[in-house]
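**Student:** Enclosed is the structure file query-v7.txt (compact mmCIF, C-alpha atoms).
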```txt
# COMPACT_ATOMS: atom_id res chain seq x y z
CA MET K 1 -99.78 3.32 -40.40
CA MET K 2 -99.62 2.60 -44.12
CA THR K 3 -97.26 4.68 -46.21
CA ARG K 4 -98.28 6.02 -49.60
CA ARG K 5 -95.75 3.70 -51.21
CA GLN K 6 -97.43 0.73 -49.55
CA ALA K 7 -100.79 2.06 -50.64
CA ASN K 8 -99.49 2.33 -54.20
CA ILE K 9 -98.11 -1.22 -54.11
CA GLY K 10 -101.56 -2.25 -52.94
CA LEU K 11 -102.99 -0.95 -56.22
CA ILE K 12 -101.01 -3.59 -58.12
CA SER K 13 -102.93 -6.44 -56.42
CA SER K 14 -106.03 -8.03 -58.00
CA ALA K 15 -109.06 -5.92 -58.87
CA ALA K 16 -111.25 -7.92 -56.49
CA SER K 17 -109.12 -7.32 -53.40
CA ALA K 18 -108.56 -3.72 -54.46
CA SER K 19 -112.33 -3.21 -54.51
CA LEU K 20 -112.61 -4.71 -51.05
CA ALA K 21 -109.81 -2.49 -49.84
CA ASN K 22 -111.53 0.54 -51.36
CA LEU K 23 -114.77 -0.45 -49.69
CA ALA K 24 -113.02 -0.76 -46.34
CA ARG K 25 -111.30 2.56 -46.91
CA ALA K 26 -114.61 4.25 -47.71
CA GLN K 27 -115.98 3.13 -44.35
CA GLU K 28 -112.89 3.79 -42.32
CA PRO K 29 -110.34 6.03 -43.97
CA GLU K 30 -106.68 5.27 -43.51
CA ALA K 31 -105.52 7.18 -40.45
CA ILE K 32 -102.45 8.23 -38.53
CA GLU K 33 -103.12 8.27 -34.80
CA LEU K 34 -101.16 11.25 -33.54
CA PRO K 35 -99.38 11.00 -30.19
CA LEU K 36 -101.17 12.96 -27.46
CA PRO K 37 -100.40 16.67 -27.73
CA ARG K 38 -98.42 18.19 -24.90
CA SER K 39 -100.69 19.76 -22.31
CA GLN K 40 -98.13 22.17 -20.92
CA GLY K 41 -94.85 23.91 -21.67
CA GLY K 42 -93.85 26.23 -24.44
CA LYS K 43 -92.25 29.63 -24.00
CA PRO K 44 -93.98 32.27 -21.86
CA LEU K 45 -96.54 34.02 -24.08
CA ILE K 46 -94.82 37.41 -24.08
CA GLU K 47 -91.59 35.77 -25.23
CA ALA K 48 -93.44 33.87 -27.99
CA LEU K 49 -94.95 37.19 -29.12
CA ARG K 50 -91.50 38.78 -29.10
CA LEU K 51 -90.12 35.98 -31.30
CA ARG K 52 -93.04 35.77 -33.73
CA ARG K 53 -92.03 36.36 -37.34
CA SER K 54 -92.39 35.07 -40.90
CA ILE K 55 -89.57 32.90 -42.23
CA ARG K 56 -89.32 31.96 -45.90
CA GLU K 57 -86.24 29.71 -46.01
CA TYR K 58 -86.60 26.14 -44.79
CA SER K 59 -84.40 23.15 -44.10
CA PRO K 60 -85.45 19.89 -45.81
CA ARG K 61 -85.81 18.25 -42.37
CA SER K 62 -89.36 17.05 -41.76
CA LEU K 63 -91.36 17.53 -38.57
CA PRO K 64 -91.26 14.68 -36.02
CA ARG K 65 -94.65 13.15 -35.28
CA GLN K 66 -94.83 14.69 -31.78
CA VAL K 67 -94.16 18.17 -33.16
CA LEU K 68 -96.87 17.66 -35.79
CA SER K 69 -99.24 16.57 -33.04
CA ASP K 70 -98.47 19.63 -30.90
CA LEU K 71 -98.63 21.94 -33.94
CA LEU K 72 -102.05 20.76 -35.10
CA TRP K 73 -103.46 20.87 -31.59
CA ALA K 74 -102.12 24.42 -31.14
CA ALA K 75 -103.53 25.42 -34.53
CA PHE K 76 -107.10 24.21 -34.09
CA GLY K 77 -107.23 21.35 -31.62
CA ILE K 78 -109.79 20.77 -28.88
CA ASN K 79 -108.89 22.63 -25.69
CA ARG K 80 -112.17 21.99 -23.85
CA PRO K 81 -113.04 18.30 -24.27
CA ALA K 82 -116.43 18.66 -22.54
CA THR K 83 -117.74 20.93 -25.29
CA GLY K 84 -115.34 20.10 -28.13
CA ASP K 85 -114.33 23.76 -28.31
CA ARG K 86 -111.11 24.72 -29.98
CA THR K 87 -107.87 26.64 -29.50
CA ALA K 88 -109.07 29.17 -32.10
CA PRO K 89 -112.52 30.77 -32.31
CA TYR K 90 -114.73 30.01 -35.26
CA TRP K 91 -117.56 31.62 -37.10
CA ARG K 92 -120.97 31.27 -35.41
CA HIS K 93 -119.94 27.97 -33.90
CA VAL K 94 -120.00 26.28 -37.30
CA MET K 95 -116.98 24.10 -38.06
CA VAL K 96 -115.94 25.79 -41.25
CA ILE K 97 -112.22 25.16 -41.49
CA ASP K 98 -110.43 21.86 -42.06
CA ILE K 99 -106.66 21.76 -41.91
CA TYR K 100 -105.07 19.69 -44.65
CA ALA K 101 -101.57 18.63 -43.62
CA VAL K 102 -99.20 17.94 -46.47
CA ILE K 103 -96.34 15.79 -45.23
CA ALA K 104 -93.79 13.46 -46.81
CA ASP K 105 -96.18 10.55 -47.11
CA GLY K 106 -99.21 12.31 -48.51
CA VAL K 107 -102.03 14.71 -47.81
CA TRP K 108 -103.97 14.23 -44.61
CA ILE K 109 -106.94 15.95 -43.00
CA TYR K 110 -106.60 16.80 -39.33
CA GLU K 111 -109.49 15.35 -37.33
CA PRO K 112 -109.44 17.19 -33.97
CA LYS K 113 -111.96 14.93 -32.17
CA GLY K 114 -109.80 11.86 -32.50
CA HIS K 115 -106.61 13.97 -32.74
CA LYS K 116 -105.62 12.00 -35.83
CA LEU K 117 -104.91 12.45 -39.50
CA LEU K 118 -107.18 10.96 -42.16
CA LEU K 119 -105.61 10.15 -45.51
CA HIS K 120 -106.74 12.38 -48.34
CA PRO K 121 -105.74 10.76 -51.63
CA HIS K 122 -103.80 13.60 -53.29
CA ASP K 123 -100.30 14.93 -53.08
CA ASP K 124 -97.71 17.19 -54.71
CA ILE K 125 -98.66 20.34 -52.87
CA ARG K 126 -96.04 22.71 -51.54
CA ALA K 127 -97.69 24.31 -48.53
CA ASN K 128 -97.67 22.22 -45.36
CA LEU K 129 -100.97 23.35 -43.95
CA VAL K 130 -103.86 24.24 -46.20
CA TYR K 131 -106.87 25.87 -44.55
CA VAL K 132 -109.92 24.62 -46.42
CA ALA K 133 -113.37 26.08 -45.79
CA HIS K 134 -116.68 24.27 -45.94
CA GLY K 135 -118.64 27.08 -47.57
CA GLU K 136 -121.62 24.76 -47.87
CA ARG K 137 -121.95 24.69 -44.07
CA MET K 138 -122.22 28.47 -43.82
CA GLY K 139 -125.86 28.71 -44.84
CA ASP K 140 -127.49 31.45 -46.76
CA ILE K 141 -124.85 34.16 -46.93
CA SER K 142 -123.10 35.51 -50.02
CA GLY K 143 -119.97 33.89 -51.45
CA GLU K 144 -118.12 37.07 -50.54
CA ASP K 145 -119.16 36.78 -46.89
CA LYS K 146 -118.22 33.10 -46.84
CA ARG K 147 -114.69 33.97 -47.96
CA LEU K 148 -114.57 36.84 -45.46
CA TYR K 149 -115.53 34.80 -42.39
CA ALA K 150 -113.43 31.83 -43.46
CA SER K 151 -110.49 34.21 -43.80
CA VAL K 152 -110.76 35.55 -40.30
CA ASP K 153 -111.07 31.98 -38.96
CA ALA K 154 -107.94 31.05 -40.90
CA GLY K 155 -106.23 34.12 -39.42
CA PHE K 156 -106.95 32.96 -35.86
CA ILE K 157 -105.54 29.52 -36.65
CA GLY K 158 -102.58 30.99 -38.51
CA GLN K 159 -101.60 33.13 -35.53
CA ASN K 160 -101.69 30.07 -33.25
CA VAL K 161 -99.29 28.43 -35.69
CA TYR K 162 -97.07 31.52 -35.73
CA LEU K 163 -96.83 31.57 -31.95
CA PHE K 164 -96.33 27.82 -31.70
CA CYS K 165 -93.48 28.06 -34.21
CA ALA K 166 -91.99 31.02 -32.33
CA SER K 167 -92.13 29.00 -29.13
CA GLU K 168 -90.59 25.87 -30.68
CA GLY K 169 -87.93 27.40 -32.91
CA LEU K 170 -89.77 26.40 -36.09
CA ALA K 171 -90.08 28.51 -39.22
CA THR K 172 -93.46 29.45 -40.67
CA VAL K 173 -95.10 31.80 -43.14
CA PHE K 174 -98.77 32.35 -43.88
CA ARG K 175 -99.46 32.19 -47.58
CA ALA K 176 -102.05 34.14 -49.48
CA SER K 177 -100.41 34.00 -52.92
CA LEU K 178 -101.70 30.65 -54.04
CA ASP K 179 -103.21 29.28 -57.20
CA TYR K 180 -106.53 28.77 -55.45
CA ARG K 181 -108.31 27.03 -58.33
CA GLU K 182 -105.43 24.70 -59.04
CA LEU K 183 -105.01 23.88 -55.36
CA ALA K 184 -108.74 23.17 -54.97
CA LYS K 185 -108.55 20.89 -58.01
CA THR K 186 -105.46 19.08 -56.75
CA LEU K 187 -107.10 18.58 -53.37
CA GLY K 188 -110.29 17.35 -55.04
CA LEU K 189 -112.43 19.63 -52.89
CA GLY K 190 -116.17 19.04 -52.69
CA ALA K 191 -118.87 21.43 -53.88
CA GLY K 192 -118.90 24.51 -51.65
CA GLN K 193 -115.42 23.87 -50.27
CA PHE K 194 -112.67 26.35 -51.03
CA VAL K 195 -109.08 27.03 -50.03
CA ALA K 196 -108.97 29.97 -47.62
CA PHE K 197 -105.20 30.27 -47.12
CA ALA K 198 -102.16 28.09 -46.56
CA GLN K 199 -99.19 28.14 -44.23
CA THR K 200 -95.74 26.64 -44.55
CA VAL K 201 -94.15 25.17 -41.43
CA GLY K 202 -90.74 23.58 -41.11
CA TYR K 203 -87.28 23.93 -39.67
CA PRO K 204 -85.43 27.13 -40.52
CA ALA K 205 -82.70 26.75 -43.16
CA MET P 1 -102.75 63.50 -20.03
CA MET P 2 -105.85 65.58 -20.64
CA THR P 3 -109.18 63.96 -19.90
CA ARG P 4 -112.16 64.38 -22.21
CA ARG P 5 -113.87 66.42 -19.52
CA GLN P 6 -110.93 68.81 -19.39
CA ALA P 7 -110.96 68.97 -23.18
CA ASN P 8 -114.65 69.84 -23.09
CA ILE P 9 -114.09 72.55 -20.47
CA GLY P 10 -111.42 73.89 -22.80
CA LEU P 11 -114.09 74.49 -25.44
CA ILE P 12 -115.75 77.06 -23.17
CA SER P 13 -112.74 79.39 -23.33
CA SER P 14 -112.44 82.20 -25.88
CA ALA P 15 -112.66 81.50 -29.60
CA ALA P 16 -109.17 82.86 -30.18
CA SER P 17 -107.44 80.57 -27.71
CA ALA P 18 -109.64 77.64 -28.84
CA SER P 19 -108.40 78.20 -32.39
CA LEU P 20 -104.82 78.20 -31.18
CA ALA P 21 -105.49 75.02 -29.21
CA ASN P 22 -107.04 73.40 -32.27
CA LEU P 23 -104.09 74.43 -34.36
CA ALA P 24 -101.71 72.91 -31.81
CA ARG P 25 -103.82 69.77 -31.68
CA ALA P 26 -103.79 69.44 -35.47
CA GLN P 27 -100.00 69.39 -35.39
CA GLU P 28 -99.65 67.20 -32.34
CA PRO P 29 -102.73 65.22 -31.40
CA GLU P 30 -103.53 64.73 -27.77
CA ALA P 31 -101.80 61.56 -26.66
CA ILE P 32 -101.55 59.07 -23.82
CA GLU P 33 -98.02 57.79 -23.43
CA LEU P 34 -98.44 54.15 -22.49
CA PRO P 35 -96.08 52.61 -19.94
CA LEU P 36 -93.51 50.31 -21.56
CA PRO P 37 -95.03 46.92 -22.36
CA ARG P 38 -93.67 43.96 -20.44
CA SER P 39 -90.95 42.20 -22.37
CA GLN P 40 -91.33 38.84 -20.63
CA GLY P 41 -93.72 36.72 -18.61
CA GLY P 42 -97.18 35.46 -19.33
CA LYS P 43 -98.30 31.85 -19.10
CA PRO P 44 -96.45 29.16 -21.08
CA LEU P 45 -97.90 29.15 -24.60
CA ILE P 46 -99.47 25.68 -24.37
CA GLU P 47 -101.28 26.71 -21.20
CA ALA P 48 -102.51 29.94 -22.82
CA LEU P 49 -103.82 27.84 -25.73
CA ARG P 50 -105.55 25.51 -23.29
CA LEU P 51 -107.26 28.46 -21.58
CA ARG P 52 -108.26 30.35 -24.72
CA ARG P 53 -111.99 30.96 -25.01
CA SER P 54 -114.66 33.53 -25.77
CA ILE P 55 -116.34 35.21 -22.81
CA ARG P 56 -119.43 37.37 -23.21
CA GLU P 57 -120.10 38.58 -19.64
CA TYR P 58 -117.93 41.37 -18.28
CA SER P 59 -117.35 43.14 -15.01
CA PRO P 60 -117.59 46.97 -15.14
CA ARG P 61 -113.97 47.19 -13.90
CA SER P 62 -111.75 48.97 -16.43
CA LEU P 63 -108.30 47.89 -17.55
CA PRO P 64 -105.32 49.41 -15.70
CA ARG P 65 -102.97 51.40 -17.92
CA GLN P 66 -100.21 48.74 -17.74
CA VAL P 67 -102.62 46.01 -18.84
CA LEU P 68 -103.77 48.18 -21.74
CA SER P 69 -100.15 48.73 -22.70
CA ASP P 70 -99.37 45.00 -22.63
CA LEU P 71 -102.61 44.15 -24.44
CA LEU P 72 -102.02 46.56 -27.34
CA TRP P 73 -98.42 45.49 -27.70
CA ALA P 74 -99.47 41.82 -27.74
CA ALA P 75 -102.20 42.62 -30.28
CA PHE P 76 -100.12 44.48 -32.86
CA GLY P 77 -97.11 46.08 -31.22
CA ILE P 78 -93.58 46.25 -32.54
CA ASN P 79 -91.60 43.14 -31.61
CA ARG P 80 -88.55 43.88 -33.79
CA PRO P 81 -87.58 47.53 -33.25
CA ALA P 82 -84.87 47.45 -35.93
CA THR P 83 -87.42 46.85 -38.69
CA GLY P 84 -90.61 48.02 -37.00
CA ASP P 85 -92.14 44.59 -37.55
CA ARG P 86 -95.10 43.52 -35.50
CA THR P 87 -96.43 40.77 -33.24
CA ALA P 88 -98.96 39.84 -35.96
CA PRO P 89 -98.24 39.43 -39.68
CA TYR P 90 -99.81 41.82 -42.14
CA TRP P 91 -100.79 41.84 -45.76
CA ARG P 92 -97.90 42.42 -48.17
CA HIS P 93 -96.07 44.52 -45.62
CA VAL P 94 -98.63 47.30 -45.91
CA MET P 95 -99.85 48.72 -42.61
CA VAL P 96 -103.52 48.18 -43.19
CA ILE P 97 -105.00 47.83 -39.72
CA ASP P 98 -105.29 50.48 -37.02
CA ILE P 99 -106.56 49.51 -33.61
CA TYR P 100 -109.03 51.96 -32.13
CA ALA P 101 -109.17 51.57 -28.36
CA VAL P 102 -112.41 52.64 -26.73
CA ILE P 103 -111.82 53.30 -23.06
CA ALA P 104 -113.55 55.28 -20.33
CA ASP P 105 -112.15 58.63 -21.43
CA GLY P 106 -112.72 58.39 -25.15
CA VAL P 107 -111.67 56.77 -28.38
CA TRP P 108 -107.97 56.47 -29.07
CA ILE P 109 -105.87 55.14 -31.93
CA TYR P 110 -102.98 52.89 -30.97
CA GLU P 111 -99.72 54.19 -32.44
CA PRO P 112 -97.26 51.26 -32.21
CA LYS P 113 -94.10 53.24 -33.11
CA GLY P 114 -94.40 55.51 -30.10
CA HIS P 115 -96.40 52.88 -28.18
CA LYS P 116 -98.96 55.53 -27.36
CA LEU P 117 -102.61 56.36 -27.86
CA LEU P 118 -103.70 59.30 -30.02
CA LEU P 119 -107.04 60.87 -29.22
CA HIS P 120 -109.71 60.28 -31.82
CA PRO P 121 -112.57 62.71 -31.21
CA HIS P 122 -115.53 60.32 -31.01
CA ASP P 123 -117.03 58.11 -28.39
CA ASP P 124 -120.08 56.05 -27.37
CA ILE P 125 -118.94 52.82 -28.92
CA ARG P 126 -119.39 49.52 -27.14
CA ALA P 127 -116.52 47.39 -28.41
CA ASN P 128 -113.17 48.03 -26.74
CA LEU P 129 -110.96 47.35 -29.71
CA VAL P 130 -112.09 48.20 -33.22
CA TYR P 131 -109.92 46.94 -36.06
CA VAL P 132 -110.08 49.57 -38.78
CA ALA P 133 -108.60 48.95 -42.22
CA HIS P 134 -106.99 51.49 -44.51
CA GLY P 135 -108.43 50.17 -47.74
CA GLU P 136 -106.93 53.13 -49.57
CA ARG P 137 -103.43 51.83 -48.83
CA MET P 138 -104.11 48.46 -50.45
CA GLY P 139 -103.70 49.61 -54.02
CA ASP P 140 -105.51 48.35 -57.05
CA ILE P 141 -107.40 45.32 -55.79
CA SER P 142 -111.15 44.85 -55.56
CA GLY P 143 -113.17 45.99 -52.57
CA GLU P 144 -113.92 42.33 -51.89
CA ASP P 145 -110.21 41.47 -51.74
CA LYS P 146 -109.55 44.45 -49.49
CA ARG P 147 -112.11 43.17 -46.99
CA LEU P 148 -110.71 39.65 -47.32
CA TYR P 149 -107.10 40.53 -46.57
CA ALA P 150 -108.05 43.01 -43.85
CA SER P 151 -110.11 40.25 -42.24
CA VAL P 152 -107.26 37.79 -42.08
CA ASP P 153 -105.01 40.52 -40.63
CA ALA P 154 -107.68 41.25 -38.01
CA GLY P 155 -107.82 37.50 -37.27
CA PHE P 156 -104.09 37.38 -36.53
CA ILE P 157 -104.42 40.33 -34.17
CA GLY P 158 -107.58 38.94 -32.62
CA GLN P 159 -105.89 35.67 -31.77
CA ASN P 160 -103.03 37.51 -30.08
CA VAL P 161 -105.64 39.25 -27.97
CA TYR P 162 -107.35 35.94 -27.19
CA LEU P 163 -104.11 34.39 -26.00
CA PHE P 164 -103.08 37.48 -24.06
CA CYS P 165 -106.44 37.47 -22.30
CA ALA P 166 -106.15 33.73 -21.61
CA SER P 167 -102.72 34.32 -20.11
CA GLU P 168 -103.84 37.28 -17.97
CA GLY P 169 -107.24 36.06 -16.79
CA LEU P 170 -109.09 38.66 -18.88
CA ALA P 171 -112.31 38.07 -20.79
CA THR P 172 -112.55 38.69 -24.52
CA VAL P 173 -114.73 38.00 -27.54
CA PHE P 174 -114.14 38.78 -31.19
CA ARG P 175 -117.12 40.51 -32.73
CA ALA P 176 -118.34 40.21 -36.28
CA SER P 177 -121.96 41.22 -35.68
CA LEU P 178 -121.56 44.96 -35.86
CA ASP P 179 -123.42 47.78 -37.49
CA TYR P 180 -120.47 48.46 -39.78
CA ARG P 181 -121.87 51.56 -41.46
CA GLU P 182 -122.98 53.13 -38.21
CA LEU P 183 -119.67 52.34 -36.53
CA ALA P 184 -117.73 53.81 -39.46
CA LYS P 185 -119.87 56.94 -39.24
CA THR P 186 -119.45 57.23 -35.45
CA LEU P 187 -115.70 56.83 -35.81
CA GLY P 188 -115.63 59.39 -38.62
CA LEU P 189 -113.50 57.15 -40.81
CA GLY P 190 -111.75 58.58 -43.83
CA ALA P 191 -112.40 57.65 -47.47
CA GLY P 192 -111.25 54.10 -48.08
CA GLN P 193 -111.18 53.19 -44.39
CA PHE P 194 -113.56 50.54 -43.10
CA VAL P 195 -114.22 48.61 -39.92
CA ALA P 196 -112.92 45.04 -40.29
CA PHE P 197 -114.00 43.60 -36.95
CA ALA P 198 -114.09 44.48 -33.27
CA GLN P 199 -113.17 42.75 -30.04
CA THR P 200 -114.37 43.28 -26.50
CA VAL P 201 -111.81 42.96 -23.70
CA GLY P 202 -112.39 43.31 -19.99
CA TYR P 203 -112.54 41.54 -16.69
CA PRO P 204 -114.86 38.54 -16.48
CA ALA P 205 -118.14 39.14 -14.64
```
Let me see whether you can do it: turn the structure in this file into structure tokens.

**Tutor:**
Amino acid sequence: MMTRRQANIGLISSAASASLANLARAQEPEAIELPLPRSQGGKPLIEALRLRRSIREYSPRSLPRQVLSDLLWAAFGINRPATGDRTAPYWRHVMVIDIYAVIADGVWIYEPKGHKLLLHPHDDIRANLVYVAHGERMGDISGEDKRLYASVDAGFIGQNVYLFCASEGLATVFRASLDYRELAKTLGLGAGQFVAFAQTVGYPA
Amino acid sequence: MMTRRQANIGLISSAASASLANLARAQEPEAIELPLPRSQGGKPLIEALRLRRSIREYSPRSLPRQVLSDLLWAAFGINRPATGDRTAPYWRHVMVIDIYAVIADGVWIYEPKGHKLLLHPHDDIRANLVYVAHGERMGDISGEDKRLYASVDAGFIGQNVYLFCASEGLATVFRASLDYRELAKTLGLGAGQFVAFAQTVGYPA
């Protein structure tokens, strides 16, 4: 895996090789292959429900790669490989929500099929998980309805994250108070895409 | 507990005693005390996430009282008695969502503080759980925002129900395709209240 710093150093090299690198990146985005998510374990569900809560104070410690892998799979990973179906339900079987993971070395988009992270060239965002909706995939419904159905899909995912964090002793809070326009701009979202909600995940302070 | 049939027979008695009964009911609505919810058990969280799915075919078998108790607690019960906080997060700490449980003997509102069901005098509704929002409690935000935040709250609850059903071998599906106006009318909702979503829960066919 290439760090952002290495990627930045790369920008100093000659324009010709930079163009080639950009071309290569356009075809095959820089990726982090996540370790396989755990397929068992965790606290018994009733205990996870008992422990579920919002926590707003975090330690600066970052999440180990395996925890990130398990977290993203729990949030919205594939739990039925034969059909590609997910751990959370989604609106009319249209893949509306992407999870953007903001970690120390950049912003990455979770790609559930390959269970990997694809580099998204932006950073400086405070939430760890940003739930971004592809409104343009939702067909001919009003903007209000797009936000509504994307919100409920984000709620399903968010509750998976809450329970995963309860089970693993992590801290999390779902975040609705965001500067949506600014965040969309920072993330460089495409036409029709919008930020539904975000969620902070980390170790408790 | 009084069944609906007994309640209906009660209506045949004299007007005077019916008025007294109505008066008593207005002060203390007819209630089903649920058995205490289980405080432990269930499948390990990762396994519940692996098993989570939507099921659309149901057996006619109804849910035993203990299962209903566990289900409603998992959905939106109190998991921190000292503060009254819940198994699912909710918008700005305002209690927006009520769960209406539609079971064989009528429509009931889940009352998490007493962990009981209060009779709601309407029936003939097909979904088992109806997530009803108190828009009037949400203050001075637009109707669109009220629906939005109620939807995400319903999503959190819905995912708890999905995982509970996955853990217990029950079938469930979250339902967005509803006749919202008709359902609101049938439920006799108050001014400002609206149906956010519904969810069917039962035994698989």

**Student:** Have a look at P:Gln159, P:Ser151, P:Asn79, P:Ser177 and name the one nearest to Lys113 of chain P; count all atoms listed in the file.

**Tutor:**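 Nearest candidate to Lys113 of chain P out of P:Gln159, P:Ser151, P:Asn79, P:Ser177: P:Asn79.
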
**Student:** Return as a tab-separated table the residues of chain P lying at most 6 Å from chain K, together with the closest atom-to-atom pair for each and the distance in Å to one decimal, counting all atoms listed in the file, with rows in chain order and ascending residue number.

**Tutor:**
```
residue	atom	partner	partner_atom	distance
P:Gln40	CA	K:Ile46	CA	5.1
P:Gly41	CA	K:Pro44	CA	5.5
P:Gly42	CA	K:Leu45	CA	5.0
P:Lys43	CA	K:Pro44	CA	5.1
P:Pro44	CA	K:Pro44	CA	4.0
P:Leu45	CA	K:Gly42	CA	5.0
P:Ile46	CA	K:Gln40	CA	5.1
P:Glu47	CA	K:Gln40	CA	5.5
P:Leu49	CA	K:Thr87	CA	5.7
P:Arg50	CA	K:Asn79	CA	5.0
P:Asn79	CA	K:Arg50	CA	5.0
P:Thr87	CA	K:Leu49	CA	5.7
P:Leu148	CA	K:Leu148	CA	5.1
P:Ser151	CA	K:Val152	CA	5.1
P:Val152	CA	K:Val152	CA	4.5
P:Gly155	CA	K:Gly155	CA	4.3
P:Phe156	CA	K:Gly155	CA	4.9
P:Gln159	CA	K:Phe156	CA	5.0
```

**Student:** Tell me which protein, DNA and RNA residues are within 12 Å of segment 179-194 of chain K, counting only C-alpha atoms, leaving out same-chain ones fewer than 3 positions away, and put them as an MDAnalysis selection string.

**Tutor:** chainID K and resid 96:102 106:109 119:127 130:139 142:143 146:147 150:151 175:176 197:198

**Student:** Which residues come within 6 Å of Leu170 of chain K, counting all atoms listed in the file, excluding same-chain residues fewer than 4 positions away, as a short mmCIF file (atom, residue, chain, number, x, y, z; two decimals) with C-alpha atoms, in the coordinates of the input?

**Tutor:**
```cif
data_model
loop_
_atom_site.label_atom_id
_atom_site.label_comp_id
_atom_site.auth_asym_id
_atom_site.auth_seq_id
_atom_site.Cartn_x
_atom_site.Cartn_y
_atom_site.Cartn_z
CA CYS K 165 -93.48 28.06 -34.21
CA GLY K 202 -90.74 23.58 -41.11
CA TYR K 203 -87.28 23.93 -39.67
#
```

**Student:** Mind pulling up the distance from atom CA of Thr172 of chain K to atom CA of Thr200 of chain P?

**Tutor:** 28.8 Å

**Student:** Rounded to one decimal, what separation in Å do you get between atom CA of Gly84 of chain K and atom CA of Leu36 of chain K?

**Tutor:**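 We find that atom CA of Gly84 of chain K and atom CA of Leu36 of chain K lie 15.9 Å from each other.
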
**Student:** Can you tell me how far atom CA of Pro112 of chain K sits from atom CA of Leu63 of chain K, in Å to one decimal?

**Tutor:**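 Going from atom CA of Pro112 of chain K over to atom CA of Leu63 of chain K, I get 18.7 Å.
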
**Student:** Please export segment 189-200 of chain P as an mmCIF file, in the first residue's frame, restricted to N, CA, C and O atoms.

**Tutor:**
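The resulting file, selection-v4.cif, is shown below:
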```cif
data_model
loop_
_atom_site.group_PDB
_atom_site.id
_atom_site.type_symbol
_atom_site.label_atom_id
_atom_site.label_comp_id
_atom_site.auth_asym_id
_atom_site.auth_seq_id
_atom_site.Cartn_x
_atom_site.Cartn_y
_atom_site.Cartn_z
ATOM 1 N N LEU P 189 -53.858 8.847 14.112
ATOM 2 C CA LEU P 189 -52.717 9.595 14.644
ATOM 3 C C LEU P 189 -53.095 11.044 14.952
ATOM 4 O O LEU P 189 -53.934 11.633 14.279
ATOM 5 N N GLY P 190 -52.429 11.590 15.944
ATOM 6 C CA GLY P 190 -52.670 12.966 16.341
ATOM 7 C C GLY P 190 -52.019 13.955 15.381
ATOM 8 O O GLY P 190 -51.241 13.573 14.500
ATOM 9 N N ALA P 191 -52.334 15.245 15.568
ATOM 10 C CA ALA P 191 -51.760 16.295 14.729
ATOM 11 C C ALA P 191 -50.244 16.277 14.905
ATOM 12 O O ALA P 191 -49.740 16.225 16.022
ATOM 13 N N GLY P 192 -49.543 16.301 13.808
ATOM 14 C CA GLY P 192 -48.076 16.303 13.872
ATOM 15 C C GLY P 192 -47.484 14.907 13.811
ATOM 16 O O GLY P 192 -46.324 14.734 13.452
ATOM 17 N N GLN P 193 -48.251 13.898 14.174
ATOM 18 C CA GLN P 193 -47.727 12.527 14.092
ATOM 19 C C GLN P 193 -47.783 12.015 12.656
ATOM 20 O O GLN P 193 -48.682 12.379 11.904
ATOM 21 N N PHE P 194 -46.818 11.194 12.292
ATOM 22 C CA PHE P 194 -46.853 10.567 10.970
ATOM 23 C C PHE P 194 -46.167 9.210 11.013
ATOM 24 O O PHE P 194 -45.328 8.950 11.885
ATOM 25 N N VAL P 195 -46.569 8.347 10.082
ATOM 26 C CA VAL P 195 -45.942 7.033 9.981
ATOM 27 C C VAL P 195 -44.604 7.198 9.275
ATOM 28 O O VAL P 195 -44.536 7.746 8.178
ATOM 29 N N ALA P 196 -43.520 6.748 9.920
ATOM 30 C CA ALA P 196 -42.195 6.824 9.278
ATOM 31 C C ALA P 196 -42.016 5.602 8.369
ATOM 32 O O ALA P 196 -41.852 5.742 7.160
ATOM 33 N N PHE P 197 -42.075 4.427 8.951
ATOM 34 C CA PHE P 197 -41.945 3.188 8.197
ATOM 35 C C PHE P 197 -42.637 2.101 8.991
ATOM 36 O O PHE P 197 -43.128 2.350 10.096
ATOM 37 N N ALA P 198 -42.634 0.885 8.432
ATOM 38 C CA ALA P 198 -43.195 -0.250 9.161
ATOM 39 C C ALA P 198 -42.291 -1.453 8.948
ATOM 40 O O ALA P 198 -41.387 -1.420 8.103
ATOM 41 N N GLN P 199 -42.499 -2.478 9.738
ATOM 42 C CA GLN P 199 -41.664 -3.669 9.629
ATOM 43 C C GLN P 199 -42.501 -4.877 10.003
ATOM 44 O O GLN P 199 -43.193 -4.865 11.022
ATOM 45 N N THR P 200 -42.454 -5.893 9.161
ATOM 46 C CA THR P 200 -43.166 -7.128 9.444
ATOM 47 C C THR P 200 -42.217 -8.084 10.167
ATOM 48 O O THR P 200 -41.054 -8.185 9.791
#
```
